[in-house]
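Trainee: Please see the structure below; I have some questions.
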Amino acid sequence: MLVKCNCNNCSAHLEFESVDAGTVIVCPTCGIETKLYVPGSDSSQPPRNLQLMKINKFKFGLIVAAAAMFTGLVALLIINWNNIIPPLSKVFGGTVVAVFMAILAVLVLIWAVLWIIFPVFVYYQLNELIKLQRQIERNTRR
């Protein structure tokens, strides 16, 4: 019996025998591997796009790294309280202002690090997009 489903990447309509459900094929439209599935069955949801899952893991890792960095810098501030806050309170005229300025300095440091690292992430993501575009162009020219 012939079954129809959509490609997991480009949403092109694919037609296949029901016994072939679950196999991974190369989509004739986009040229990217896709898993065949039977709509309306127990697993009626198409498999998630692996590229999207990688991006979500990357975003989660980036958020965890930023949170760990902020926590570490705040912990260093707390540990070195006696070495940092008294000199700052003399400069700024009060403990509350000194603490505020120390926290602001931590945030500016995090911002500066991310400002330097962000173009590296963009570069690697653009390289991935270029590779994917070349693969699609190669497969559509056939």
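Residues in the structure tokens are numbered from 1 in each chain, the chains being A, B, ... in the order shown, and ligands are numbered from 1 in the order shown.
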List the neighbours of His13 (chain A) out to 12 Å using only C-alpha atoms; skip same-chain residues closer than 5 positions along the sequence, and give me the result as a VMD selection string.
Mentor: chain A and resid 3 to 8 27 to 30 34 36 to 37
Trainee: May I have the selected residues written with N, CA and C atoms, as a PDB file, in the first residue's frame?
Mentor:
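And here's again11.pdb as it stands now:
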ATOM      1  N   VAL A   3       1.947   5.023   0.774  1.00  0.00           N
ATOM      2  CA  VAL A   3       1.713   5.990   1.851  1.00  0.00           C
ATOM      3  C   VAL A   3       2.425   7.270   1.468  1.00  0.00           C
ATOM      4  N   LYS A   4       1.870   8.408   1.885  1.00  0.00           N
ATOM      5  CA  LYS A   4       2.494   9.704   1.620  1.00  0.00           C
ATOM      6  C   LYS A   4       2.886  10.361   2.933  1.00  0.00           C
ATOM      7  N   CYS A   5       4.060  10.998   2.940  1.00  0.00           N
ATOM      8  CA  CYS A   5       4.500  11.798   4.083  1.00  0.00           C
ATOM      9  C   CYS A   5       5.318  12.958   3.537  1.00  0.00           C
ATOM     10  N   ASN A   6       5.763  13.831   4.413  1.00  0.00           N
ATOM     11  CA  ASN A   6       6.567  14.988   4.021  1.00  0.00           C
ATOM     12  C   ASN A   6       8.014  14.778   4.432  1.00  0.00           C
ATOM     13  N   CYS A   7       8.916  15.382   3.657  1.00  0.00           N
ATOM     14  CA  CYS A   7      10.336  15.376   4.013  1.00  0.00           C
ATOM     15  C   CYS A   7      10.508  16.157   5.317  1.00  0.00           C
ATOM     16  N   ASN A   8      11.379  15.683   6.186  1.00  0.00           N
ATOM     17  CA  ASN A   8      11.613  16.332   7.477  1.00  0.00           C
ATOM     18  C   ASN A   8      12.370  17.642   7.334  1.00  0.00           C
ATOM     19  N   CYS A  27      16.197  12.547   0.333  1.00  0.00           N
ATOM     20  CA  CYS A  27      15.055  13.226  -0.291  1.00  0.00           C
ATOM     21  C   CYS A  27      15.400  13.586  -1.734  1.00  0.00           C
ATOM     22  N   PRO A  28      14.537  13.245  -2.679  1.00  0.00           N
ATOM     23  CA  PRO A  28      14.834  13.580  -4.080  1.00  0.00           C
ATOM     24  C   PRO A  28      14.768  15.083  -4.365  1.00  0.00           C
ATOM     25  N   THR A  29      14.130  15.850  -3.506  1.00  0.00           N
ATOM     26  CA  THR A  29      14.012  17.289  -3.732  1.00  0.00           C
ATOM     27  C   THR A  29      15.204  18.054  -3.171  1.00  0.00           C
ATOM     28  N   CYS A  30      15.489  17.853  -1.866  1.00  0.00           N
ATOM     29  CA  CYS A  30      16.561  18.633  -1.235  1.00  0.00           C
ATOM     30  C   CYS A  30      17.877  17.869  -1.120  1.00  0.00           C
ATOM     31  N   THR A  34      16.247  11.871   5.161  1.00  0.00           N
ATOM     32  CA  THR A  34      14.989  12.035   5.879  1.00  0.00           C
ATOM     33  C   THR A  34      14.440  10.664   6.228  1.00  0.00           C
ATOM     34  N   LEU A  36      11.333   8.136   6.698  1.00  0.00           N
ATOM     35  CA  LEU A  36       9.962   7.935   6.248  1.00  0.00           C
ATOM     36  C   LEU A  36       9.089   7.547   7.439  1.00  0.00           C
ATOM     37  N   TYR A  37       7.880   8.086   7.488  1.00  0.00           N
ATOM     38  CA  TYR A  37       6.954   7.790   8.573  1.00  0.00           C
ATOM     39  C   TYR A  37       5.545   7.702   8.013  1.00  0.00           C
TER      40      TYR A  37
END
Trainee: Could you give me, as a compact mmCIF listing (two decimals) with C-alpha atoms, in the first residue's frame, the residues within 8 Å of Glu17 (chain A), counting only C-alpha atoms and dropping anything in the same chain fewer than 4 positions from it?
Mentor:
# COMPACT_ATOMS: atom_id res chain seq x y z
CA MET A 1 0.00 0.00 0.00
CA LEU A 2 1.38 3.41 -0.95
CA VAL A 3 1.71 5.99 1.85
CA ALA A 21 8.23 3.19 7.02
Trainee: Env of Ser89 (chain A): 12 Å cut, atoms = only C-alpha atoms, seq-sep filter 4 positions within chain, self excluded. Answer as a compact mmCIF listing (two decimals) with N, CA and C atoms, in the first residue's frame.
Mentor:
# COMPACT_ATOMS: atom_id res chain seq x y z
N TRP A 81 35.76 39.94 48.94
CA TRP A 81 35.01 41.12 49.37
C TRP A 81 35.91 42.14 50.06
N ASN A 82 36.74 41.68 51.01
CA ASN A 82 37.59 42.59 51.78
C ASN A 82 38.68 43.25 50.94
N ASN A 83 39.06 42.61 49.84
CA ASN A 83 40.09 43.19 48.98
C ASN A 83 39.52 44.12 47.91
N ILE A 84 38.24 43.96 47.60
CA ILE A 84 37.66 44.73 46.49
C ILE A 84 36.79 45.89 46.98
N ILE A 85 35.88 45.61 47.90
CA ILE A 85 34.87 46.61 48.28
C ILE A 85 35.44 47.80 49.05
N GLY A 93 32.65 56.56 47.44
CA GLY A 93 32.00 57.23 48.56
C GLY A 93 30.90 56.45 49.26
N GLY A 94 30.90 55.15 49.19
CA GLY A 94 29.90 54.37 49.90
C GLY A 94 29.94 52.91 49.51
N THR A 95 29.52 52.05 50.44
CA THR A 95 29.56 50.61 50.20
C THR A 95 28.53 50.18 49.17
N VAL A 96 27.33 50.76 49.22
CA VAL A 96 26.28 50.38 48.28
C VAL A 96 26.70 50.71 46.86
N VAL A 97 27.25 51.89 46.67
CA VAL A 97 27.71 52.29 45.33
C VAL A 97 28.87 51.40 44.90
N ALA A 98 29.74 51.04 45.82
CA ALA A 98 30.88 50.18 45.49
C ALA A 98 30.41 48.80 45.04
N VAL A 99 29.42 48.24 45.75
CA VAL A 99 28.88 46.93 45.36
C VAL A 99 28.21 47.03 44.00
N PHE A 100 27.43 48.08 43.78
CA PHE A 100 26.78 48.28 42.49
C PHE A 100 27.81 48.38 41.37
N MET A 101 28.87 49.12 41.59
CA MET A 101 29.91 49.27 40.57
C MET A 101 30.66 47.95 40.32
N ALA A 102 30.86 47.16 41.37
CA ALA A 102 31.52 45.86 41.20
C ALA A 102 30.64 44.92 40.36
Trainee: Please identify all polymer residues within 12 Å of Met69 (chain A), counting only C-alpha atoms, omitting same-chain residues fewer than 6 positions from it, and present them as a ChimeraX atom specification.
Mentor: /A:62-63,75-76,106-107,109-111,113-114
Trainee: Please compute the CA of Arg138 (chain A)-CA of Val24 (chain A) distance, one decimal, in Å.
Mentor: 19.6 Å
Trainee: Find the distance between CA of Leu77 (chain A) and CA of Val64 (chain A) and write it in Å to one decimal.
Mentor: 19.9 Å
Trainee: What's the separation between CA of Lys59 (chain A) and CA of Phe121 (chain A), in Å to one decimal place?
Mentor: 11.0 Å
Trainee: So that I can see what lies close to Ile32 (chain A), please list as a compact mmCIF listing (two decimals) with C-alpha atoms, in the first residue's frame the residues with an atom at most 10 Å from it, counting only C-alpha atoms and leaving out residues fewer than 6 positions away in the same chain.
Mentor:
# COMPACT_ATOMS: atom_id res chain seq x y z
CA CYS A 7 10.34 15.38 4.01
CA ASN A 8 11.61 16.33 7.48
CA ASN A 9 13.79 19.09 6.00
CA CYS A 10 12.06 20.65 2.97
CA ILE A 25 16.29 7.85 2.48
CA VAL A 26 17.81 10.77 0.63
CA LEU A 132 24.21 22.84 3.53
CA GLN A 135 24.83 20.13 -0.69
CA ILE A 136 21.34 21.23 -1.74
CA ASN A 139 21.62 17.49 -5.30
Trainee: Quick one: pick out all strand (DSSP E) residues within region 2-140 of chain A from a backbone DSSP run and write them as a ChimeraX atom specification.
Mentor: /A:2-6,13-17,24-26,33-35
Trainee: Which one of A:Pro39, A:Glu128, A:Pro119, A:Gly22 sits closest to Ile55 (chain A) if you count only C-alpha atoms?
Mentor: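 So, comparing all the options, the nearest one is A:Glu128.
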Trainee: Under the rule that only C-alpha atoms are counted, which of A:Phe118, A:Gly31, A:Asn56, A:Val38 is the nearest residue to Phe16 (chain A)?
Mentor: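 Using only C-alpha atoms, the shortest distance to Phe16 (chain A) belongs to A:Val38.
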Trainee: Taking only C-alpha atoms into account, name the residue in A:Ile130, A:Ala105, A:Ile117, A:Pro86 that is nearest to Phe70 (chain A).
Mentor: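 So, comparing all the options, the nearest one is A:Ala105.
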